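Here is my_file_2.cif, consisting of mmCIF, C-alpha atoms:
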```
data_final
#
loop_
_atom_site.label_atom_id
_atom_site.label_comp_id
_atom_site.auth_asym_id
_atom_site.auth_seq_id
_atom_site.Cartn_x
_atom_site.Cartn_y
_atom_site.Cartn_z
CA MET Q 104 0.00 0.00 0.00
CA ASP Q 105 2.95 2.35 -0.52
CA LEU Q 106 1.25 3.80 -3.59
CA LEU Q 107 -1.63 5.00 -1.44
CA THR Q 108 0.69 7.02 0.77
CA LEU Q 109 2.05 8.93 -2.25
CA LEU Q 110 -1.35 10.07 -3.46
CA PRO Q 111 -3.84 12.55 -1.96
CA PHE Q 112 -5.65 9.41 -0.85
CA GLU Q 113 -3.63 9.50 2.36
CA GLU Q 114 -4.69 13.03 3.22
CA LEU Q 115 -8.32 12.34 2.35
CA SER Q 116 -8.42 9.20 4.45
CA LEU Q 117 -6.85 10.92 7.45
CA GLY Q 118 -9.22 13.86 7.11
CA LEU Q 119 -12.22 11.57 6.95
CA SER Q 120 -11.11 9.54 9.95
CA ASN Q 121 -10.84 12.74 12.02
CA LEU Q 122 -14.27 14.01 10.94
CA ARG Q 123 -16.75 14.69 13.73
CA MET Q 124 -20.25 13.30 13.34
CA PHE Q 125 -21.98 15.67 15.76
CA PRO Q 126 -24.06 17.67 15.04
CA PHE Q 127 -24.48 17.82 11.25
CA PHE Q 128 -24.08 14.16 10.31
CA ASP Q 129 -26.11 13.02 13.29
CA VAL Q 130 -28.94 15.40 12.36
CA ALA Q 131 -28.89 14.06 8.80
CA HIS Q 132 -29.13 10.54 10.21
CA TYR Q 133 -32.10 11.50 12.37
CA VAL Q 134 -33.92 13.23 9.51
CA VAL Q 135 -33.52 10.36 7.05
CA SER Q 136 -34.45 7.76 9.69
CA VAL Q 137 -37.60 9.57 10.82
CA MET Q 138 -38.60 10.18 7.20
CA ALA Q 139 -38.24 6.45 6.55
CA LEU Q 140 -40.59 5.81 9.47
CA ARG Q 141 -43.12 8.33 8.19
CA GLU Q 142 -43.17 6.64 4.79
CA GLN Q 143 -44.15 3.30 6.35
CA PRO Q 144 -47.82 2.30 5.77
CA GLY Q 145 -50.03 3.39 8.64
CA SER Q 146 -47.41 5.52 10.40
CA MET Q 147 -49.44 8.72 10.06
CA ASP Q 148 -52.46 7.05 11.65
CA VAL Q 149 -50.28 5.98 14.57
CA ALA Q 150 -48.95 9.52 14.87
CA GLN Q 151 -52.51 10.81 15.22
CA ARG Q 152 -53.72 8.07 17.58
CA SER Q 153 -50.68 7.77 19.83
CA PRO Q 154 -47.88 10.35 19.55
CA PHE Q 155 -45.90 8.53 22.23
CA ALA Q 156 -45.86 5.27 20.22
CA CYS Q 157 -44.77 7.24 17.17
CA TRP Q 158 -41.99 8.94 19.16
CA PHE Q 159 -40.78 5.62 20.58
CA SER Q 160 -40.67 4.09 17.10
CA SER Q 161 -38.65 7.08 15.92
CA MET Q 162 -36.13 6.59 18.71
CA LEU Q 163 -35.78 2.94 17.72
CA TYR Q 164 -35.10 4.04 14.15
CA CYS Q 165 -32.49 6.55 15.31
CA PHE Q 166 -30.78 4.58 18.11
CA GLY Q 167 -31.70 0.98 17.31
CA GLY Q 168 -28.13 0.02 16.48
CA ALA Q 169 -26.74 1.29 19.77
CA ILE Q 170 -29.53 -0.42 21.73
CA LEU Q 171 -29.08 -3.78 20.01
CA SER Q 172 -25.29 -3.77 20.27
CA GLY Q 173 -25.58 -2.86 23.96
CA LEU Q 174 -27.85 -5.84 24.53
CA MET Q 175 -25.38 -8.13 22.79
CA MET Q 176 -22.52 -6.82 24.95
CA ALA Q 177 -24.57 -7.24 28.16
CA GLU Q 178 -24.80 -3.49 28.64
CA PRO Q 179 -27.93 -1.56 29.71
CA PRO Q 180 -30.17 -1.08 26.66
CA VAL Q 181 -31.14 2.40 27.93
CA ALA Q 182 -27.50 3.58 27.87
CA PRO Q 183 -27.86 5.21 24.42
CA LEU Q 184 -30.79 7.20 25.77
CA SER Q 185 -28.63 8.71 28.49
CA ASN Q 186 -27.21 11.30 26.10
CA GLY Q 187 -29.79 14.04 26.57
CA THR Q 188 -28.47 16.22 23.75
CA ASN Q 189 -28.91 13.54 21.11
CA ILE Q 190 -32.33 12.56 22.46
CA LEU Q 191 -33.56 16.15 22.39
CA LEU Q 192 -32.18 16.66 18.90
CA ALA Q 193 -33.79 13.46 17.60
CA SER Q 194 -37.08 14.34 19.31
CA LEU Q 195 -37.07 17.77 17.69
CA VAL Q 196 -36.50 16.20 14.29
CA TRP Q 197 -39.33 13.72 14.97
CA TYR Q 198 -41.77 16.49 15.85
CA LEU Q 199 -40.90 18.62 12.82
CA VAL Q 200 -41.13 15.69 10.41
CA PHE Q 201 -44.55 14.53 11.67
CA TYR Q 202 -46.23 17.67 13.02
CA CYS Q 203 -44.61 20.66 11.31
CA PRO Q 204 -47.25 23.02 9.84
CA GLN Q 205 -47.78 22.47 6.12
CA ASP Q 206 -45.24 19.62 6.30
CA ALA Q 207 -42.54 22.17 5.67
CA LEU Q 208 -39.57 20.15 6.89
CA TYR Q 209 -40.66 16.91 5.25
CA SER Q 210 -41.34 18.65 1.93
CA CYS Q 211 -37.93 20.29 1.94
CA ALA Q 212 -36.10 17.13 2.96
CA ALA Q 213 -38.02 15.05 0.39
CA PHE Q 214 -36.76 17.28 -2.44
CA LEU Q 215 -34.41 14.99 -4.39
CA PRO Q 216 -31.16 17.07 -4.28
CA VAL Q 217 -31.61 17.70 -0.55
CA ARG Q 218 -32.45 14.07 0.10
CA LEU Q 219 -29.37 12.92 -1.80
CA VAL Q 220 -27.16 15.06 0.43
CA LEU Q 221 -28.87 13.90 3.62
CA THR Q 222 -28.70 10.25 2.59
CA GLY Q 223 -25.02 10.55 1.73
CA MET Q 224 -24.32 12.04 5.15
CA LYS Q 225 -26.28 9.23 6.78
CA GLU Q 226 -24.18 6.64 4.94
CA VAL Q 227 -21.06 8.31 6.31
CA THR Q 228 -22.35 7.74 9.83
CA ARG Q 229 -22.81 4.05 8.96
CA THR Q 230 -19.03 3.68 8.65
CA TRP Q 231 -18.48 5.15 12.12
CA LYS Q 232 -21.16 2.94 13.65
CA VAL Q 233 -19.81 -0.28 12.14
CA LEU Q 234 -16.28 0.56 13.17
CA GLY Q 235 -17.46 1.59 16.63
CA GLY Q 236 -19.23 -1.74 17.12
CA VAL Q 237 -16.17 -3.70 16.02
CA LEU Q 238 -13.90 -1.75 18.40
CA GLN Q 239 -16.46 -2.10 21.20
CA ALA Q 240 -16.40 -5.89 20.86
CA GLN Q 241 -12.62 -6.00 20.50
CA LYS Q 242 -12.18 -4.46 23.95
CA LYS Q 243 -13.76 -7.52 25.59
CA TYR Q 244 -13.09 -10.22 23.00
CA LYS Q 245 -9.74 -9.52 21.37
CA ASP Q 246 -9.67 -12.77 19.41
CA GLY Q 247 -13.42 -13.07 18.93
CA LEU Q 248 -13.69 -12.41 15.22
CA LEU Q 249 -17.28 -13.58 15.01
CA VAL Q 250 -18.30 -11.47 18.00
CA MET Q 251 -16.71 -8.40 16.43
CA VAL Q 252 -18.60 -9.00 13.19
CA ALA Q 253 -21.90 -9.53 15.00
CA VAL Q 254 -21.62 -6.43 17.20
CA GLY Q 255 -20.44 -4.24 14.33
CA TRP Q 256 -23.33 -5.50 12.18
CA ALA Q 257 -25.84 -4.87 14.97
CA LYS Q 258 -24.62 -1.35 15.64
CA GLY Q 259 -24.61 -0.38 11.97
CA ALA Q 260 -27.93 -1.97 10.98
CA GLY Q 261 -29.77 -2.21 14.28
CA GLY Q 262 -32.80 -0.30 13.00
CA GLY Q 263 -33.43 -2.91 10.32
CA LEU Q 264 -32.65 -5.89 12.54
CA MET Q 265 -35.11 -4.59 15.15
CA SER Q 266 -37.83 -3.88 12.60
CA ASN Q 267 -40.18 -6.56 13.96
CA PHE Q 268 -40.02 -5.12 17.47
CA GLU Q 269 -40.52 -1.61 16.12
CA GLN Q 270 -43.57 -2.78 14.19
CA LEU Q 271 -45.03 -4.21 17.38
CA VAL Q 272 -44.83 -0.75 18.93
CA ARG Q 273 -47.07 0.49 16.11
CA GLY Q 274 -49.44 -2.47 16.49
CA ILE Q 275 -48.22 -4.39 13.44
CA TRP Q 276 -47.01 -7.97 13.38
CA LYS Q 277 -45.34 -9.12 10.16
CA PRO Q 278 -42.84 -11.90 10.89
CA GLU Q 279 -42.26 -12.44 7.18
CA THR Q 280 -40.46 -9.06 7.05
CA ASN Q 281 -37.65 -10.33 9.27
CA GLU Q 282 -34.31 -9.08 7.97
CA LEU Q 283 -32.71 -12.46 8.52
CA LEU Q 284 -35.20 -14.07 6.13
CA LYS Q 285 -34.80 -11.48 3.41
CA MET Q 286 -32.01 -9.00 3.91
CA SER Q 287 -32.31 -5.51 2.54
CA TYR Q 288 -29.43 -3.65 0.93
CA PRO Q 289 -28.47 -1.64 4.07
CA THR Q 290 -28.31 -4.81 6.13
CA LYS Q 291 -26.14 -6.58 3.56
CA ILE Q 292 -23.72 -3.71 3.08
CA THR Q 293 -23.42 -3.26 6.84
CA LEU Q 294 -22.58 -6.95 7.26
CA ILE Q 295 -19.89 -6.68 4.60
CA GLY Q 296 -18.45 -3.63 6.35
CA ALA Q 297 -18.43 -5.42 9.70
CA VAL Q 298 -16.53 -8.34 8.17
CA LEU Q 299 -13.97 -6.03 6.52
CA PHE Q 300 -13.31 -3.97 9.64
CA ALA Q 301 -13.09 -7.08 11.82
CA LEU Q 302 -10.53 -8.61 9.45
CA GLN Q 303 -8.59 -5.35 9.41
CA GLN Q 304 -8.51 -5.10 13.20
CA ASN Q 305 -7.23 -8.68 13.42
CA HIS Q 306 -4.52 -7.95 10.81
CA TYR Q 307 -5.98 -10.30 8.23
CA LEU Q 308 -6.53 -7.45 5.79
CA PRO Q 309 -3.42 -5.55 4.61
CA LEU Q 310 -4.98 -2.11 4.96
CA GLN Q 311 -4.76 0.66 7.47
CA LYS Q 312 -7.91 1.64 9.30
CA HIS Q 313 -8.29 5.11 7.79
CA HIS Q 314 -7.68 3.75 4.29
CA LEU Q 315 -10.43 1.18 4.71
CA MET Q 316 -12.75 3.81 6.16
CA LEU Q 317 -12.37 5.99 3.07
CA ILE Q 318 -12.78 3.10 0.60
CA TYR Q 319 -15.85 1.74 2.35
CA THR Q 320 -17.45 5.17 2.79
CA VAL Q 321 -16.96 6.18 -0.83
CA PHE Q 322 -18.39 2.88 -2.03
CA ILE Q 323 -21.57 2.99 0.06
CA VAL Q 324 -22.21 6.70 -0.65
CA VAL Q 325 -21.72 6.35 -4.41
CA ASN Q 326 -23.76 3.17 -4.64
CA LYS Q 327 -26.61 4.58 -2.55
CA THR Q 328 -26.68 7.71 -4.69
CA ARG Q 329 -26.80 5.59 -7.84
CA MET Q 330 -29.69 3.56 -6.48
CA MET Q 331 -31.67 6.69 -5.60
CA LEU Q 332 -31.09 8.32 -8.98
CA THR Q 333 -31.98 5.22 -10.99
CA GLY Q 334 -34.82 4.15 -8.70
CA SER Q 335 -33.36 0.64 -8.46
CA ASN Q 336 -33.33 -1.50 -5.33
CA SER Q 337 -31.11 -4.21 -6.77
CA SER Q 338 -27.92 -4.94 -4.88
CA PRO Q 339 -24.62 -4.74 -6.76
CA PHE Q 340 -23.75 -8.09 -5.19
CA ALA Q 341 -26.80 -9.85 -6.64
CA PRO Q 342 -24.87 -11.77 -9.37
CA VAL Q 343 -22.28 -12.96 -6.82
CA GLU Q 344 -25.01 -13.97 -4.36
CA SER Q 345 -26.89 -15.90 -7.04
CA ALA Q 346 -23.76 -17.72 -8.20
CA MET Q 347 -22.79 -18.68 -4.64
CA TYR Q 348 -26.31 -19.87 -3.86
CA HIS Q 349 -26.60 -22.09 -6.92
CA THR Q 350 -23.08 -23.44 -6.36
CA LEU Q 351 -23.14 -24.11 -2.62
CA PHE Q 352 -26.73 -24.30 -1.40
CA ALA Q 353 -29.12 -25.14 -4.26
CA ARG Q 354 -30.44 -28.71 -4.39
CA PRO Q 355 -32.71 -30.35 -7.00
CA SER Q 356 -36.25 -30.62 -5.73
CA LYS Q 357 -37.74 -34.10 -5.19
CA ASP Q 358 -41.01 -33.18 -6.86
CA SER Q 359 -39.31 -32.41 -10.15
CA SER Q 360 -37.43 -35.73 -10.11
CA LEU Q 361 -40.62 -37.65 -9.33
CA THR Q 362 -42.53 -35.96 -12.12
CA CYS Q 363 -39.74 -36.64 -14.55
CA GLY Q 364 -39.73 -40.32 -13.51
CA THR Q 365 -43.47 -40.70 -13.97
CA LYS Q 366 -43.33 -39.03 -17.34
CA ALA Q 367 -40.55 -41.38 -18.41
CA THR Q 368 -42.43 -44.51 -17.28
CA THR Q 369 -45.81 -43.59 -18.77
CA LYS Q 370 -44.51 -42.40 -22.12
CA PRO Q 371 -45.22 -45.13 -24.79
CA THR Q 372 -42.59 -46.29 -27.19
CA ALA Q 373 -42.72 -45.67 -30.93
CA SER Q 374 -43.67 -49.25 -31.81
CA ALA Q 375 -46.42 -49.35 -29.18
CA ALA Q 376 -47.77 -46.05 -30.40
CA SER Q 377 -47.83 -47.27 -34.01
CA ALA Q 378 -49.60 -50.50 -32.95
CA ILE Q 379 -52.19 -48.52 -31.04
CA ASP Q 380 -52.75 -46.25 -34.03
CA GLY Q 381 -53.13 -49.32 -36.30
CA LYS Q 382 -55.73 -50.87 -34.02
CA ALA Q 383 -57.62 -47.63 -33.87
CA ASP Q 384 -57.65 -47.35 -37.67
CA GLY Q 385 -58.87 -50.98 -38.00
CA ASN Q 386 -61.64 -50.40 -35.50
CA SER Q 387 -62.71 -47.28 -37.31
CA ARG Q 388 -62.81 -49.12 -40.63
CA ASN Q 389 -64.81 -52.05 -39.17
CA GLY Q 390 -67.18 -49.58 -37.61
CA SER Q 391 -67.73 -47.83 -40.92
CA THR Q 392 -68.44 -51.10 -42.79
CA ALA Q 393 -70.75 -52.34 -40.06
CA GLY Q 394 -72.56 -49.05 -40.18
CA GLY Q 395 -73.00 -49.34 -43.94
CA LEU Q 396 -74.36 -52.87 -43.68
CA GLU Q 397 -76.75 -51.84 -40.92
CA CYS Q 398 -78.04 -49.00 -43.04
CA SER Q 399 -78.61 -51.31 -46.05
CA CYS Q 400 -80.44 -53.84 -43.90
CA ASN Q 401 -82.62 -51.15 -42.45
CA GLY Q 402 -83.44 -50.07 -46.01
CA LEU Q 403 -84.48 -53.57 -47.01
CA ASN Q 404 -86.58 -54.07 -43.91
CA GLY Q 405 -88.32 -50.82 -44.53
CA SER Q 406 -89.21 -51.72 -48.11
CA THR Q 407 -90.72 -55.15 -47.19
CA HIS Q 408 -92.74 -54.30 -44.13
CA GLU Q 409 -94.38 -51.04 -45.17
CA PRO Q 410 -97.18 -51.59 -47.85
CA SER Q 411 -98.21 -48.74 -50.07
CA ALA Q 412 -101.61 -47.05 -49.99
CA HIS Q 413 -102.64 -48.52 -53.40
CA GLU Q 414 -102.14 -52.07 -52.16
CA GLU Q 415 -104.24 -51.43 -49.04
CA SER Q 416 -107.17 -50.07 -51.13
CA SER Q 417 -107.15 -53.02 -53.59
CA ALA Q 418 -107.18 -55.49 -50.71
CA ASP Q 419 -110.20 -53.76 -49.16
CA GLN Q 420 -112.10 -53.92 -52.44
CA ALA Q 421 -111.44 -57.70 -52.97
CA GLU Q 422 -112.91 -58.82 -49.62
CA PRO Q 423 -116.60 -57.99 -50.36
CA LYS Q 424 -116.60 -59.94 -53.62
CA ASP Q 425 -115.64 -63.15 -51.84
CA THR Q 426 -118.46 -62.85 -49.29
CA SER Q 427 -121.11 -62.31 -51.99
CA ASN Q 428 -120.13 -65.49 -53.84
CA LYS Q 429 -120.38 -67.56 -50.65
CA LYS Q 430 -123.96 -66.38 -50.03
CA THR Q 431 -125.25 -67.42 -53.49
CA ASP Q 432 -123.73 -70.84 -53.15
#
```
Can you present the structure in this file as structure tokens?
Amino acid sequence: MDLLTLLPFEELSLGLSNLRMFPFFDVAHYVVSVMALREQPGSMDVAQRSPFACWFSSMLYCFGGAILSGLMMAEPPVAPLSNGTNILLASLVWYLVFYCPQDALYSCAAFLPVRLVLTGMKEVTRTWKVLGGVLQAQKKYKDGLLVMVAVGWAKGAGGGLMSNFEQLVRGIWKPETNELLKMSYPTKITLIGAVLFALQQNHYLPLQKHHLMLIYTVFIVVNKTRMMLTGSNSSPFAPVESAMYHTLFARPSKDSSLTCGTKATTKPTASAASAIDGKADGNSRNGSTAGGLECSCNGLNGSTHEPSAHEESSADQAEPKDTSNKKTD
């Protein structure tokens, strides 16, 4: 990595690593998170029925990562709520997003150029959260690579991983939306970041921390901006995921093999099919000849058994003559 030290990359990475998140980046994170909550189906009804439930859901969106990582590290889950400044700032953002007159703040933040800037700033905070979770786990488990990955993942994507609990606060139960069943893009990219930072902290990755911070931050900001501009939700890792799944985890289904076997056993051969066709043709020919003979016989029977009207009248006239001759005799 000597080439990186000769380029402005070194200065950029050091400047980014020394960047403070409070207050501007934290405010951007709160605004984007609360806006995501407002855009959930039924959130406005909850805000009108129970403002406290809406506020609590907003705090879970804003501080869910810190709460979940604290639970995993056996720390008090209310510890993130002890910072009164951040709580007041997040509560102010929540109120303005949901209850500002004329929806002024939401309308301004929803404007695409403004939303791009706010989302990019929020993605920058993701890097700090993932790295903070990895370092937090490393203090107690220096050789626990898996623990470092899990805590870093939880702190960076806690809002998504706690989505089912947050939905319960709003009176919704959708277990099929569990992030472990179907991961969203933020959850996937956070997991990748947790793995990279954990490998770097354990000296398995030949990169310095500030270099990796800059590379990871630029990637997630650029990719998120591209997804927002194109309106696409597809992950850039989709081809790799599909190839790995079909190579390592996909298995042929038993139903398809059974259906193929039944089709193979019930399919007649060519000779059998020709024999069946020949029998069918012979039966059709015999049926046609039998039908012709039956018609001819019916014609003959009809001609012999049905006398004409002339014959009936001549027979009626002959009967009286015979009776008259018998009387004279």
Report task. Go ahead and compute the interatomic distance for CA of Gln311 in chain Q and CA of Ala257 in chain Q, in Å to one decimal. Result ->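 If I compute the distance from CA of Gln311 in chain Q to CA of Ala257 in chain Q, I get 23.0 Å.
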Requested in this report: Evaluate the PyMOL selection byres ((chain Q and resi 235) around 12) on the structure here and hand back the selected residues as a ChimeraX atom specification.
Outcome: /Q:168-169,172-173,228-234,236-242,251-252,254-259,296-297,300-301,304,316
Requested in this report: Please write as a PyMOL selection string the full residue list that the PyMOL selection byres ((chain Q and resi 268-279) around 12) yields on this file.
Outcome: chain Q and resi 140-141+143-167+171+261-267+280-286
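Proximity of Q:Pro309, Q:Pro179, Q:Pro355, Q:Pro289 to Ser338 in chain Q, computed with only C-alpha atoms, is greatest for Q:Pro289.
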Requested in this report: Could you list the residues chosen by the PyMOL selection byres ((chain Q and resi 220) around 12) in this structure as a count of residues only?
Outcome: 26
